[in-house]
Each structure stands twice: as structure tokens, then as C-alpha cells.
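data.tsv follows (TSV, C-alpha atoms):
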chain	number	residue	atom	x	y	z
A	10	MET	CA	218.88	128.66	126.75
A	11	ALA	CA	220.86	128.91	123.59
A	12	HIS	CA	218.12	127.96	121.16
A	13	SER	CA	215.73	130.65	122.41
A	14	HIS	CA	217.71	133.42	120.75
A	15	SER	CA	217.42	131.89	117.34
A	16	GLU	CA	213.64	131.52	117.91
A	17	GLU	CA	213.37	135.18	118.79
A	18	ASN	CA	214.82	136.14	115.46
A	19	THR	CA	212.43	134.08	113.39
A	20	ILE	CA	209.17	135.53	114.67
A	21	THR	CA	206.81	136.53	111.91
A	22	VAL	CA	204.06	138.96	112.86
A	23	LEU	CA	200.90	138.31	110.87
A	24	PRO	CA	198.67	141.20	109.77
A	25	PRO	CA	195.49	141.87	111.80
A	26	ASP	CA	192.50	139.69	110.95
A	27	LYS	CA	190.17	142.55	109.95
A	28	GLU	CA	187.13	140.32	109.58
A	29	ARG	CA	187.52	138.82	113.06
A	30	ILE	CA	188.20	142.18	114.74
A	31	LYS	CA	185.09	143.64	113.11
A	32	LYS	CA	183.07	140.68	114.42
A	33	LEU	CA	184.42	141.26	117.96
A	34	TRP	CA	183.40	144.93	117.92
A	35	GLN	CA	179.97	143.87	116.66
A	36	VAL	CA	179.58	141.56	119.65
A	37	ALA	CA	180.61	144.44	121.94
A	38	GLY	CA	177.98	146.63	120.26
A	39	ILE	CA	175.31	143.98	120.77
A	40	LEU	CA	176.22	143.67	124.47
A	41	GLY	CA	175.98	147.46	124.82
A	42	ILE	CA	172.62	147.64	123.06
A	43	ILE	CA	171.16	144.84	125.18
A	44	THR	CA	172.33	146.60	128.36
A	45	ALA	CA	170.77	149.85	127.15
A	46	PHE	CA	167.56	147.93	126.44
A	47	GLU	CA	167.62	146.53	129.99
A	48	PHE	CA	167.88	150.08	131.32
A	49	ALA	CA	164.93	151.11	129.15
A	50	VAL	CA	162.86	148.23	130.54
A	51	ALA	CA	163.94	149.11	134.11
A	52	PHE	CA	162.66	152.68	133.80
A	53	LEU	CA	159.84	152.52	131.25
A	54	VAL	CA	158.04	149.31	132.19
A	55	PRO	CA	156.06	149.94	135.41
A	56	HIS	CA	157.01	147.96	138.51
A	57	GLU	CA	153.51	146.48	138.66
A	58	TRP	CA	154.33	144.36	135.62
A	59	LYS	CA	156.79	142.40	137.70
A	60	ASP	CA	156.74	139.16	135.71
A	61	ILE	CA	157.34	140.87	132.36
A	62	ARG	CA	160.24	142.85	133.84
A	63	VAL	CA	161.90	139.88	135.53
A	64	TRP	CA	161.58	137.54	132.55
A	65	THR	CA	162.86	140.19	130.15
A	66	PHE	CA	165.89	140.72	132.37
A	67	ILE	CA	166.56	136.99	132.64
A	68	LEU	CA	166.19	136.46	128.90
A	69	MET	CA	168.48	139.40	128.08
A	70	THR	CA	171.05	138.12	130.59
A	71	ILE	CA	171.08	134.70	128.94
A	72	VAL	CA	171.57	136.30	125.51
A	73	LYS	CA	174.47	138.40	126.84
A	74	ALA	CA	176.02	135.38	128.56
A	75	ALA	CA	175.76	133.39	125.32
A	76	TYR	CA	177.61	136.10	123.40
A	77	ILE	CA	180.35	136.43	126.04
A	78	VAL	CA	180.92	132.68	126.39
A	79	GLY	CA	180.38	131.86	122.73
A	80	GLU	CA	182.35	134.65	121.04
A	81	PHE	CA	184.68	136.29	123.58
A	82	MET	CA	185.59	133.02	125.29
A	83	HIS	CA	185.47	131.30	121.90
A	84	LEU	CA	183.51	128.31	123.22
A	85	ARG	CA	181.18	128.25	120.21
A	86	HIS	CA	184.19	127.56	117.97
A	87	GLU	CA	185.77	124.85	120.17
A	88	THR	CA	185.16	121.15	119.64
A	89	LYS	CA	181.65	119.97	120.43
A	90	VAL	CA	182.84	117.70	123.25
A	91	LEU	CA	184.54	120.63	125.04
A	92	MET	CA	181.52	122.86	124.56
A	93	TRP	CA	179.07	120.34	126.01
A	94	SER	CA	181.47	119.40	128.85
A	95	ILE	CA	181.19	123.00	130.00
A	96	LEU	CA	177.52	123.63	129.22
A	97	ILE	CA	175.83	120.45	130.46
A	98	PRO	CA	176.88	120.85	134.16
A	99	ILE	CA	175.15	124.27	134.10
A	100	VAL	CA	171.89	122.28	134.27
A	101	PHE	CA	172.62	121.70	137.97
A	102	ILE	CA	172.80	125.46	138.55
A	103	VAL	CA	169.45	126.02	136.85
A	104	TRP	CA	167.87	123.25	138.90
A	105	MET	CA	169.37	124.63	142.14
A	106	LEU	CA	168.10	128.11	141.29
A	107	VAL	CA	164.56	126.96	140.64
A	108	ALA	CA	164.49	124.73	143.74
A	109	PHE	CA	165.84	127.36	146.13
A	110	VAL	CA	163.74	130.28	144.91
A	111	TYR	CA	160.66	128.05	145.14
A	112	GLU	CA	161.75	127.15	148.69
A	113	GLY	CA	162.18	130.85	149.48
A	114	MET	CA	158.65	131.66	148.36
A	115	ALA	CA	157.37	128.83	150.55
A	116	ILE	CA	159.25	130.32	153.53
A	117	ALA	CA	157.62	133.69	152.78
A	118	VAL	CA	154.19	132.07	153.04
A	119	VAL	CA	154.98	130.48	156.41
A	120	ARG	CA	156.46	133.69	157.89
B	29	MET	CA	210.87	91.35	141.03
B	30	SER	CA	212.82	88.45	139.71
B	31	HIS	CA	210.80	87.92	136.60
B	32	HIS	CA	210.70	90.65	133.97
B	33	SER	CA	208.08	90.33	131.34
B	34	PRO	CA	208.51	92.69	128.42
B	35	VAL	CA	206.02	95.54	128.58
B	36	VAL	CA	204.61	96.47	125.24
B	37	VAL	CA	203.90	100.18	124.99
B	38	PRO	CA	201.72	101.00	122.00
B	39	ALA	CA	202.79	103.90	119.85
B	40	PRO	CA	200.95	107.08	120.86
B	41	GLY	CA	197.94	107.96	118.81
B	42	LYS	CA	197.12	104.50	117.44
B	43	THR	CA	193.72	104.47	119.09
B	44	GLU	CA	191.94	107.10	121.13
B	45	TRP	CA	193.06	105.44	124.39
B	46	ASP	CA	196.76	105.18	123.61
B	47	GLY	CA	197.57	108.74	124.58
B	48	GLY	CA	198.93	111.44	122.38
B	49	VAL	CA	195.45	112.41	121.22
B	50	SER	CA	193.61	115.59	122.24
B	51	PRO	CA	189.92	114.90	121.70
B	52	MET	CA	189.05	118.42	122.90
B	53	ASN	CA	191.72	119.98	120.69
B	54	ALA	CA	192.82	122.30	123.49
B	55	SER	CA	196.00	122.46	125.54
B	56	TYR	CA	196.18	121.17	129.11
B	57	GLY	CA	196.35	124.70	130.54
B	58	LYS	CA	193.33	125.92	128.60
B	59	LEU	CA	191.26	122.88	129.58
B	60	MET	CA	192.17	123.33	133.24
B	61	MET	CA	191.21	127.00	133.04
B	62	TRP	CA	187.82	126.00	131.58
B	63	PHE	CA	187.15	123.49	134.34
B	64	PHE	CA	188.35	125.90	137.01
B	65	LEU	CA	185.94	128.49	135.63
B	66	LEU	CA	183.13	125.94	135.69
B	67	SER	CA	183.79	125.31	139.39
B	68	ASP	CA	184.00	129.05	139.99
B	69	ALA	CA	180.63	129.41	138.25
B	70	PHE	CA	179.21	127.01	140.83
B	71	THR	CA	180.63	129.12	143.66
B	72	PHE	CA	179.12	132.31	142.30
B	73	SER	CA	175.86	130.51	141.60
B	74	ALA	CA	175.72	129.35	145.21
B	75	LEU	CA	176.00	132.98	146.35
B	76	LEU	CA	173.45	134.29	143.86
B	77	ILE	CA	171.01	131.45	144.46
B	78	THR	CA	171.20	131.95	148.22
B	79	TYR	CA	170.45	135.60	147.51
B	80	GLY	CA	167.40	134.45	145.52
B	81	LEU	CA	166.26	132.20	148.36
B	82	VAL	CA	166.58	134.88	151.05
B	83	ARG	CA	165.12	137.61	148.90
B	84	SER	CA	162.09	135.58	147.88
B	85	SER	CA	161.52	134.63	151.53
B	86	HIS	CA	161.26	138.34	152.47
B	87	ALA	CA	158.20	140.46	151.83
B	88	ALA	CA	158.44	142.56	148.67
B	89	TYR	CA	157.58	146.26	148.59
B	90	ASP	CA	154.23	146.52	146.82
B	91	GLY	CA	153.44	150.23	147.02
B	92	ALA	CA	154.04	152.93	144.42
B	93	VAL	CA	157.69	153.44	143.49
B	94	GLU	CA	157.43	157.22	144.03
B	95	SER	CA	156.45	156.79	147.67
B	96	PHE	CA	159.10	154.19	148.47
B	97	VAL	CA	160.86	154.58	151.82
B	98	PHE	CA	163.54	152.40	153.41
B	99	SER	CA	162.15	149.90	155.90
B	100	GLN	CA	163.30	146.82	157.78
B	101	THR	CA	160.00	145.10	157.01
B	102	TYR	CA	160.41	144.55	153.25
B	103	TRP	CA	163.17	144.08	150.68
B	104	PRO	CA	164.23	147.42	149.14
B	105	ILE	CA	163.94	148.30	145.44
B	106	PRO	CA	167.59	148.26	144.28
B	107	GLU	CA	167.26	151.38	142.12
B	108	MET	CA	166.21	153.30	145.23
B	109	VAL	CA	169.33	152.18	147.08
B	110	PHE	CA	171.89	152.59	144.31
B	111	ASN	CA	170.91	156.03	143.05
B	112	SER	CA	173.97	158.16	143.71
B	113	LEU	CA	176.92	159.40	141.71
B	114	PRO	CA	180.30	160.85	142.64
B	115	PHE	CA	180.16	164.67	142.61
B	116	GLN	CA	176.37	164.56	142.43
B	117	GLU	CA	176.13	167.67	144.63
B	118	TYR	CA	177.23	169.70	141.61
B	119	LEU	CA	174.54	168.17	139.40
B	120	THR	CA	172.00	168.99	142.09
B	121	GLN	CA	173.32	172.53	142.36
B	122	TRP	CA	173.40	173.21	138.62
B	123	PHE	CA	170.45	171.22	137.28
B	124	GLY	CA	168.44	170.36	140.36
B	125	TRP	CA	168.83	166.60	139.78
B	126	THR	CA	168.88	164.46	142.90
B	127	HIS	CA	168.01	160.91	141.86
B	128	PHE	CA	170.41	158.92	139.65
B	129	PRO	CA	169.04	155.37	139.71
B	130	LEU	CA	171.54	152.70	138.60
B	131	ILE	CA	173.50	155.23	136.52
B	132	PHE	CA	176.75	154.46	138.31
B	133	VAL	CA	176.25	150.69	137.96
B	134	GLY	CA	175.56	151.27	134.28
B	135	ILE	CA	178.91	153.04	133.93
B	136	MET	CA	180.63	150.16	135.74
B	137	THR	CA	178.96	147.63	133.43
B	138	PHE	CA	180.09	149.61	130.39
B	139	ILE	CA	183.68	149.75	131.69
B	140	LEU	CA	183.77	145.99	132.23
B	141	ILE	CA	182.31	145.18	128.80
B	142	MET	CA	184.85	147.48	127.15
B	143	SER	CA	187.74	145.87	129.04
B	144	SER	CA	186.47	142.48	127.87
B	145	VAL	CA	186.66	143.71	124.26
B	146	THR	CA	190.20	145.02	124.67
B	147	MET	CA	191.16	141.67	126.24
B	148	VAL	CA	189.85	139.66	123.31
B	149	LEU	CA	191.71	142.04	120.97
B	150	ALA	CA	194.89	141.28	122.94
B	151	VAL	CA	194.20	137.57	122.43
B	152	GLU	CA	193.74	138.14	118.70
B	153	ALA	CA	197.03	140.08	118.56
B	154	GLY	CA	198.83	137.31	120.47
B	155	GLN	CA	197.68	134.69	117.98
B	156	ARG	CA	199.39	136.77	115.29
B	157	MET	CA	202.58	137.10	117.45
B	158	ASP	CA	202.12	140.88	117.37
B	159	ARG	CA	203.89	141.96	120.55
B	160	ARG	CA	203.23	145.68	120.20
B	161	ALA	CA	199.47	145.16	119.74
B	162	VAL	CA	199.31	142.78	122.72
B	163	GLU	CA	201.05	145.42	124.87
B	164	LYS	CA	198.61	148.10	123.73
B	165	TRP	CA	195.45	146.07	124.33
B	166	MET	CA	196.70	144.67	127.66
B	167	LEU	CA	197.29	148.24	128.85
B	168	TRP	CA	193.72	149.21	127.93
B	169	THR	CA	192.44	146.08	129.70
B	170	LEU	CA	194.45	146.93	132.81
B	171	LEU	CA	193.06	150.47	132.75
B	172	GLY	CA	189.50	149.12	132.49
B	173	GLY	CA	190.03	146.76	135.41
B	174	ILE	CA	191.52	149.48	137.61
B	175	CYS	CA	188.67	151.87	136.71
B	176	PHE	CA	186.12	149.23	137.66
B	177	LEU	CA	187.82	148.56	141.00
B	178	SER	CA	187.94	152.30	141.72
B	179	CYS	CA	184.22	152.59	140.96
B	180	GLN	CA	183.51	149.69	143.27
B	181	ALA	CA	185.56	151.30	146.03
B	182	TRP	CA	183.40	154.42	145.74
B	183	GLU	CA	180.21	152.35	145.60
B	184	TRP	CA	181.17	150.44	148.76
B	185	SER	CA	182.25	153.57	150.59
B	186	HIS	CA	178.97	155.29	149.73
B	187	PHE	CA	176.91	152.23	150.70
B	188	ILE	CA	178.74	151.84	154.02
B	189	HIS	CA	178.52	155.49	155.08
B	190	GLY	CA	175.03	156.21	153.82
B	191	ALA	CA	173.78	159.52	152.58
B	192	HIS	CA	170.15	159.96	153.43
B	193	ALA	CA	168.35	160.04	156.74
B	194	GLY	CA	169.32	157.00	158.77
B	195	GLN	CA	167.15	154.18	159.95
B	196	ALA	CA	166.18	154.07	163.61
B	197	VAL	CA	167.62	150.75	164.73
B	198	LEU	CA	167.38	151.32	168.47
B	199	GLU	CA	165.18	153.74	170.31
B	200	ASN	CA	166.43	157.32	169.98
B	201	THR	CA	169.26	156.36	167.66
B	202	SER	CA	169.71	156.52	163.93
B	203	PHE	CA	171.97	154.36	161.86
B	204	PHE	CA	173.45	155.63	158.62
B	205	GLY	CA	174.66	153.36	155.86
B	206	ALA	CA	175.19	149.66	156.34
B	207	ASN	CA	177.46	147.02	157.80
B	208	LEU	CA	177.06	143.29	158.27
B	209	VAL	CA	174.68	143.76	161.24
B	210	HIS	CA	172.78	147.00	160.64
B	211	ASN	CA	171.38	148.27	157.38
B	212	GLN	CA	169.75	151.60	156.72
B	213	TYR	CA	168.36	150.48	153.36
B	214	GLY	CA	166.39	147.42	154.45
B	215	PRO	CA	166.82	144.02	156.07
B	216	PRO	CA	170.43	143.32	157.19
B	217	ASP	CA	170.51	140.36	154.76
B	218	PHE	CA	170.36	142.81	151.87
B	219	ALA	CA	173.61	144.51	152.94
B	220	ASP	CA	175.22	141.14	153.72
B	221	PHE	CA	174.56	139.87	150.23
B	222	PHE	CA	175.73	143.14	148.73
B	223	PHE	CA	179.06	142.83	150.55
B	224	PHE	CA	179.55	139.14	149.84
B	225	ILE	CA	178.47	139.03	146.20
B	226	THR	CA	180.01	142.25	144.94
B	227	GLY	CA	182.99	141.69	147.24
B	228	PHE	CA	183.66	138.20	145.90
B	229	HIS	CA	183.29	139.51	142.37
B	230	GLY	CA	185.53	142.50	143.14
B	231	PHE	CA	188.14	140.12	144.51
B	232	HIS	CA	188.02	138.28	141.19
B	233	VAL	CA	188.48	141.56	139.33
B	234	PHE	CA	191.41	142.38	141.60
B	235	SER	CA	193.15	139.05	140.98
B	236	GLY	CA	192.31	139.43	137.28
B	237	VAL	CA	194.09	142.78	137.23
B	238	LEU	CA	197.13	141.16	138.88
B	239	LEU	CA	197.15	138.33	136.31
B	240	ASN	CA	196.70	140.82	133.47
B	241	PHE	CA	199.65	142.80	134.76
B	242	LEU	CA	201.73	139.64	134.86
B	243	ILE	CA	200.81	138.91	131.24
B	244	PHE	CA	201.61	142.49	130.26
B	245	TYR	CA	204.98	142.30	132.03
B	246	ASN	CA	205.87	138.99	130.35
B	247	THR	CA	204.86	140.39	126.97
B	248	VAL	CA	207.01	143.49	127.42
B	249	THR	CA	210.02	141.46	128.52
B	250	GLY	CA	209.62	139.16	125.51
B	251	VAL	CA	208.86	135.95	127.43
B	252	TYR	CA	206.15	134.87	124.97
B	253	ASP	CA	208.22	135.78	121.93
B	254	ARG	CA	210.99	133.51	123.24
B	255	ARG	CA	208.45	130.81	124.04
B	256	GLY	CA	207.05	131.15	120.55
B	257	SER	CA	203.45	131.26	121.82
B	258	TYR	CA	201.11	133.81	123.37
B	259	GLU	CA	198.74	131.16	124.73
B	260	MET	CA	199.02	132.56	128.27
B	261	VAL	CA	197.14	135.63	127.01
B	262	GLU	CA	194.29	133.34	125.94
B	263	LYS	CA	194.18	131.52	129.29
B	264	VAL	CA	194.12	134.69	131.36
B	265	GLY	CA	191.71	136.13	128.79
B	266	LEU	CA	189.28	133.31	129.59
B	267	TYR	CA	189.47	134.26	133.26
B	268	TRP	CA	188.91	137.94	132.51
B	269	HIS	CA	185.86	137.25	130.32
B	270	PHE	CA	184.46	135.05	133.07
B	271	VAL	CA	184.74	137.96	135.51
B	272	ASP	CA	182.77	140.05	133.00
B	273	LEU	CA	180.24	137.23	132.64
B	274	VAL	CA	179.68	137.05	136.39
B	275	TRP	CA	179.11	140.80	136.50
B	276	VAL	CA	176.38	140.42	133.86
B	277	PHE	CA	174.55	138.11	136.27
B	278	VAL	CA	175.24	140.25	139.34
B	279	PHE	CA	173.97	143.29	137.43
B	280	THR	CA	170.72	141.52	136.54
B	281	PHE	CA	169.94	139.71	139.76
B	282	PHE	CA	171.25	142.21	142.28
B	283	TYR	CA	170.58	145.57	140.64
B	284	LEU	CA	167.81	145.15	138.05
B	285	VAL	CA	165.39	142.50	139.32
In C-alpha cells, write the structure found in this file.
Amino acid sequence: MAHSHSEENTITVLPPDKERIKKLWQVAGILGIITAFEFAVAFLVPHEWKDIRVWTFILMTIVKAAYIVGEFMHLRHETKVLMWSILIPIVFIVWMLVAFVYEGMAIAVVR
Amino acid sequence: MSHHSPVVVPAPGKTEWDGGVSPMNASYGKLMMWFFLLSDAFTFSALLITYGLVRSSHAAYDGAVESFVFSQTYWPIPEMVFNSLPFQEYLTQWFGWTHFPLIFVGIMTFILIMSSVTMVLAVEAGQRMDRRAVEKWMLWTLLGGICFLSCQAWEWSHFIHGAHAGQAVLENTSFFGANLVHNQYGPPDFADFFFFITGFHGFHVFSGVLLNFLIFYNTVTGVYDRRGSYEMVEKVGLYWHFVDLVWVFVFTFFYLV
């Protein structure tokens, strides 16, 4: 393709966006800290406090997921209609999770 | 076909329904990647939710953690199963440590988070048309992915072969490690879900590494410079972050809870 050579010569490299890169490293730091916190809960909170442990883990996971999807995958900065097109169907997953775990506990009672 | 009535084609972009408008302000490829990832999220959810169903239908271990032993009658505590490290014999020899609960998984999680950061830095570099920076960050991302896969290979090998005293499955026999039928660590379902969930995720990491290599290769050979756009880095970046995202859930629901 003849025109591609001329394109190659006109490429302008922009300088790094310092502000954005700093923000990305901050998000990485937050993900690391949350994971460290999860480890702390896993080893410091006794296993008898099952509900506190499980709900802390679930909450922390949702926070981490929000940062990954929102910042790394950039979904928070996309148009609203794209964001909700991806997020709303997740409702089905939550419903399925609740229904099936509830079912599992019922099976445990019958066993 | 004898009568031709003139077809009036409206100019693109006159109303929202005339075509030529992108209400989501994203390219076709990026949108398709998003919707593929949504469907992939459903697949992974099906696996993890089935895990939740089967696990909650088994009896849970309710004794003290210190006196935990492997048994077929209750679901094991994950930190008692995944408590080994490569070269741990040396740590035992030098420091007397024998129990390394979830340390290795923690390292794997750290590797994957770091490779997600280097990926998003490659995306940032691509948006600035900075070929050298894209090459650098893609190489780091590739390294992270390969490290993770290597860790998983060790984890699988260790899980399959077993290390501690085996579980008597038949009279006068002991079984060490796990496969799809027998499991030293607990009910066979536990091993089955380990293989299917981490295996399906590992397969995603593997294909992610292949895609990342393809992007790296195209960057080095100047394909995206000639095209005038590094959007492919963004699309594959979405996939790679999704793989990291899934691991966050696997880490919580398989290893922590």
C-alpha cells in the first residue's frame, strides 16, 4: 500500500500523561493493599466468626472488581449507555448465585 | 422486478436511526470485546456458582483449625490444602517452618495484578503512539503472564501428586494427591472444581499470553504505526484485565472463603 509509507513518516509521539500514569499506579496500590487486608482477615479473624470473614471477603472482592473494571478497563469513563449495558446483566449472576447457594444449603439439610 | 421505485437513502447521521452514529462512542471491535467478556463472565459465574452450590451442600468442618485433618466427610479448609511453596524443604531445614498457608496463591495474585498494571500502561503508551513504550510494557505483561502460568503449573503438579500422608480410599491402600475421581484432601468434588475452575482460568491466561505476544509482534513490526492506531492494544488489554478480574473472584471464592 503506497499511502502507508507516508503515514509512517508523520507519526507524532505524544509525551506520557504523567497524571494518568500516577492514577494507574495508585489503583494498583489500592488493589495490593486490599489483597493484603484480605490476607490479614484470613489469618487474624478466627474461623468461628464465619459470617464476618465471608462478608468481608465478598465486600473486598467487589471493591477490587470495581477498580479493575472501572479504571483498568476504563468502563467508568465510557458512555453511560455502554456502562449500564455491561453492568445491568450482572444482576442475573447475582440472582443465580443467591438462588443456587440457597439451594445447596437446602440439600445439606436433606442429606 | 419490472417496476423500479426510487429508493431514498437518508444521509447518515440525520437522526439516531439513520446509521453513522455511535451512541456508545466505541468502535465495533471494542464493543464486541465487551460483549464477549460479558458472556465469558456468565461462563465463569456458572462454574463458580456451581462450586457454591456443591460446597454449601457438603458438611463444613466445624472443629478447631489447629486440629484439622483431611477427610472425605467434610469440605476442607482451603488454607490447609494450599499451604506449600516451591523449595519449602530449605525453609523447613533452615528456619523450621512447615506451614505456608496461601502464600503461593498470594504471590500468584500479586503477579497477575502487576501484569494488569503493565498492560494498562501499554494501552496508555499506545494512545500516545509511543511504539517503544508499548514494546516495553507488553514485554513486562508477557513476563507476568508466563510467570503466572509457571506458578499454576507448579500448583497443579503439587496438588496432583500430593505431599502429606495419603487418604485411605480403599482398604489397605492410600491415595496421594488428587485426580478427577480420588482426592486426598477431601470430597472428590473439591478436586474436580479445582481442576475445572483454575484450569479454565489458566486456559484464559494462556490464550491471553498468545494474544499479548501477537500484539507485541505487531507493534515491533510496525503494523500499528502503519495503521495509525494502537486500538488493538486496548482490545486485548480489555481481555487481559478480565482474566485478572476473574482471578480476583477465584482467589476469594476458592481460596479465601
Could you list, as an mmCIF file with C-alpha atoms, keeping the file's coordinate frame, every residue of chain B that has an atom within 7 Å of an atom of chain A, counting all atoms listed in the file?
data_model
loop_
_atom_site.group_PDB
_atom_site.id
_atom_site.type_symbol
_atom_site.label_atom_id
_atom_site.label_comp_id
_atom_site.auth_asym_id
_atom_site.auth_seq_id
_atom_site.Cartn_x
_atom_site.Cartn_y
_atom_site.Cartn_z
ATOM 1 C CA MET B 52 189.050 118.420 122.900
ATOM 2 C CA ASN B 53 191.720 119.980 120.690
ATOM 3 C CA LEU B 66 183.130 125.940 135.690
ATOM 4 C CA PHE B 70 179.210 127.010 140.830
ATOM 5 C CA SER B 73 175.860 130.510 141.600
ATOM 6 C CA ILE B 77 171.010 131.450 144.460
ATOM 7 C CA GLY B 80 167.400 134.450 145.520
ATOM 8 C CA LEU B 81 166.260 132.200 148.360
ATOM 9 C CA VAL B 82 166.580 134.880 151.050
ATOM 10 C CA SER B 84 162.090 135.580 147.880
ATOM 11 C CA SER B 85 161.520 134.630 151.530
ATOM 12 C CA HIS B 86 161.260 138.340 152.470
ATOM 13 C CA ALA B 87 158.200 140.460 151.830
ATOM 14 C CA VAL B 145 186.660 143.710 124.260
ATOM 15 C CA VAL B 148 189.850 139.660 123.310
ATOM 16 C CA ARG B 156 199.390 136.770 115.290
ATOM 17 C CA MET B 157 202.580 137.100 117.450
ATOM 18 C CA ASP B 158 202.120 140.880 117.370
ATOM 19 C CA ASP B 253 208.220 135.780 121.930
ATOM 20 C CA ARG B 254 210.990 133.510 123.240
ATOM 21 C CA LEU B 266 189.280 133.310 129.590
ATOM 22 C CA HIS B 269 185.860 137.250 130.320
ATOM 23 C CA LEU B 273 180.240 137.230 132.640
ATOM 24 C CA VAL B 276 176.380 140.420 133.860
ATOM 25 C CA PHE B 277 174.550 138.110 136.270
ATOM 26 C CA THR B 280 170.720 141.520 136.540
ATOM 27 C CA LEU B 284 167.810 145.150 138.050
ATOM 28 C CA VAL B 285 165.390 142.500 139.320
#
So how far away is atom CA of B:Ser143 from atom CA of B:His127, in Å? 27.9 Å
Using only C-alpha atoms, determine which residues lie at most 10 Å from B:Tyr102, disregarding the query and same-chain residues fewer than 6 positions distant; provide the list as a VMD selection string. chain B and resid 83 86 to 90 213 to 215
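When the distance limit is 8 Å and all atoms listed in the file are what count, the residues near B:Leu113, minus those fewer than 6 positions from it on the same chain, are B:Phe128, B:Ile131, B:Phe132.
Straight-line separation from atom CA of B:Glu107 to atom CA of B:Gln180: 16.4 Å.
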Identify which of the residues B:Phe282, B:Phe234, B:Phe241, B:Phe115 lies closest to B:Leu177, counting only C-alpha atoms when measuring atom-to-atom distances.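 Using only C-alpha atoms, the shortest distance to B:Leu177 belongs to B:Phe234.
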B:Met166 environment, 10 Å, only C-alpha atoms, sequence neighbours closer than 6 positions dropped, as a PyMOL selection string: chain B and resi 143+146-151+160+172+240-241+243-245+247+261+265
Report as lines of an AutoDock Vina configuration file the centre and the edge lengths, in Å to one decimal, of the axis-aligned box holding every listed atom of stretch 89-100 of chain B, padded by 8 Å on each side.
center_x = 158.5
center_y = 151.7
center_z = 150.6
size_x = 26.1
size_y = 27.0
size_z = 30.3
Which neighbours of B:Val97 fall inside 12 Å, counting only C-alpha atoms, when residues of the same chain fewer than 2 positions from it are skipped, and could you give them as JSON, numbers by chain? {"B": [89, 90, 91, 92, 93, 94, 95, 99, 100, 101, 102, 103, 104, 105, 106, 108, 109, 192, 193, 194, 195, 212, 213, 214]}
Please indicate the distance in Å from atom CA of B:Glu262 to atom CA of B:Val248, rounded to one decimal place. 16.3 Å
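Closest to A:Glu28 among B:Asp46, B:Asp217, B:Glu117, B:Glu152 is B:Glu152, based on all atoms listed in the file.
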Considering all atoms listed in the file, return as number ranges by chain whatever protein or nucleic-acid residues lie within 12 Å of B:Ser185, sequence-local ones (same chain, fewer than 2 positions apart) excluded. B: 112-114, 178-183, 187-191, 205-207, 223
Okay, now the selection with C-alpha atoms, as an mmCIF file, in the coordinates of the input?
data_model
loop_
_atom_site.group_PDB
_atom_site.id
_atom_site.type_symbol
_atom_site.label_atom_id
_atom_site.label_comp_id
_atom_site.auth_asym_id
_atom_site.auth_seq_id
_atom_site.Cartn_x
_atom_site.Cartn_y
_atom_site.Cartn_z
ATOM 1 C CA SER B 112 173.970 158.160 143.710
ATOM 2 C CA LEU B 113 176.920 159.400 141.710
ATOM 3 C CA PRO B 114 180.300 160.850 142.640
ATOM 4 C CA SER B 178 187.940 152.300 141.720
ATOM 5 C CA CYS B 179 184.220 152.590 140.960
ATOM 6 C CA GLN B 180 183.510 149.690 143.270
ATOM 7 C CA ALA B 181 185.560 151.300 146.030
ATOM 8 C CA TRP B 182 183.400 154.420 145.740
ATOM 9 C CA GLU B 183 180.210 152.350 145.600
ATOM 10 C CA PHE B 187 176.910 152.230 150.700
ATOM 11 C CA ILE B 188 178.740 151.840 154.020
ATOM 12 C CA HIS B 189 178.520 155.490 155.080
ATOM 13 C CA GLY B 190 175.030 156.210 153.820
ATOM 14 C CA ALA B 191 173.780 159.520 152.580
ATOM 15 C CA GLY B 205 174.660 153.360 155.860
ATOM 16 C CA ALA B 206 175.190 149.660 156.340
ATOM 17 C CA ASN B 207 177.460 147.020 157.800
ATOM 18 C CA PHE B 223 179.060 142.830 150.550
#
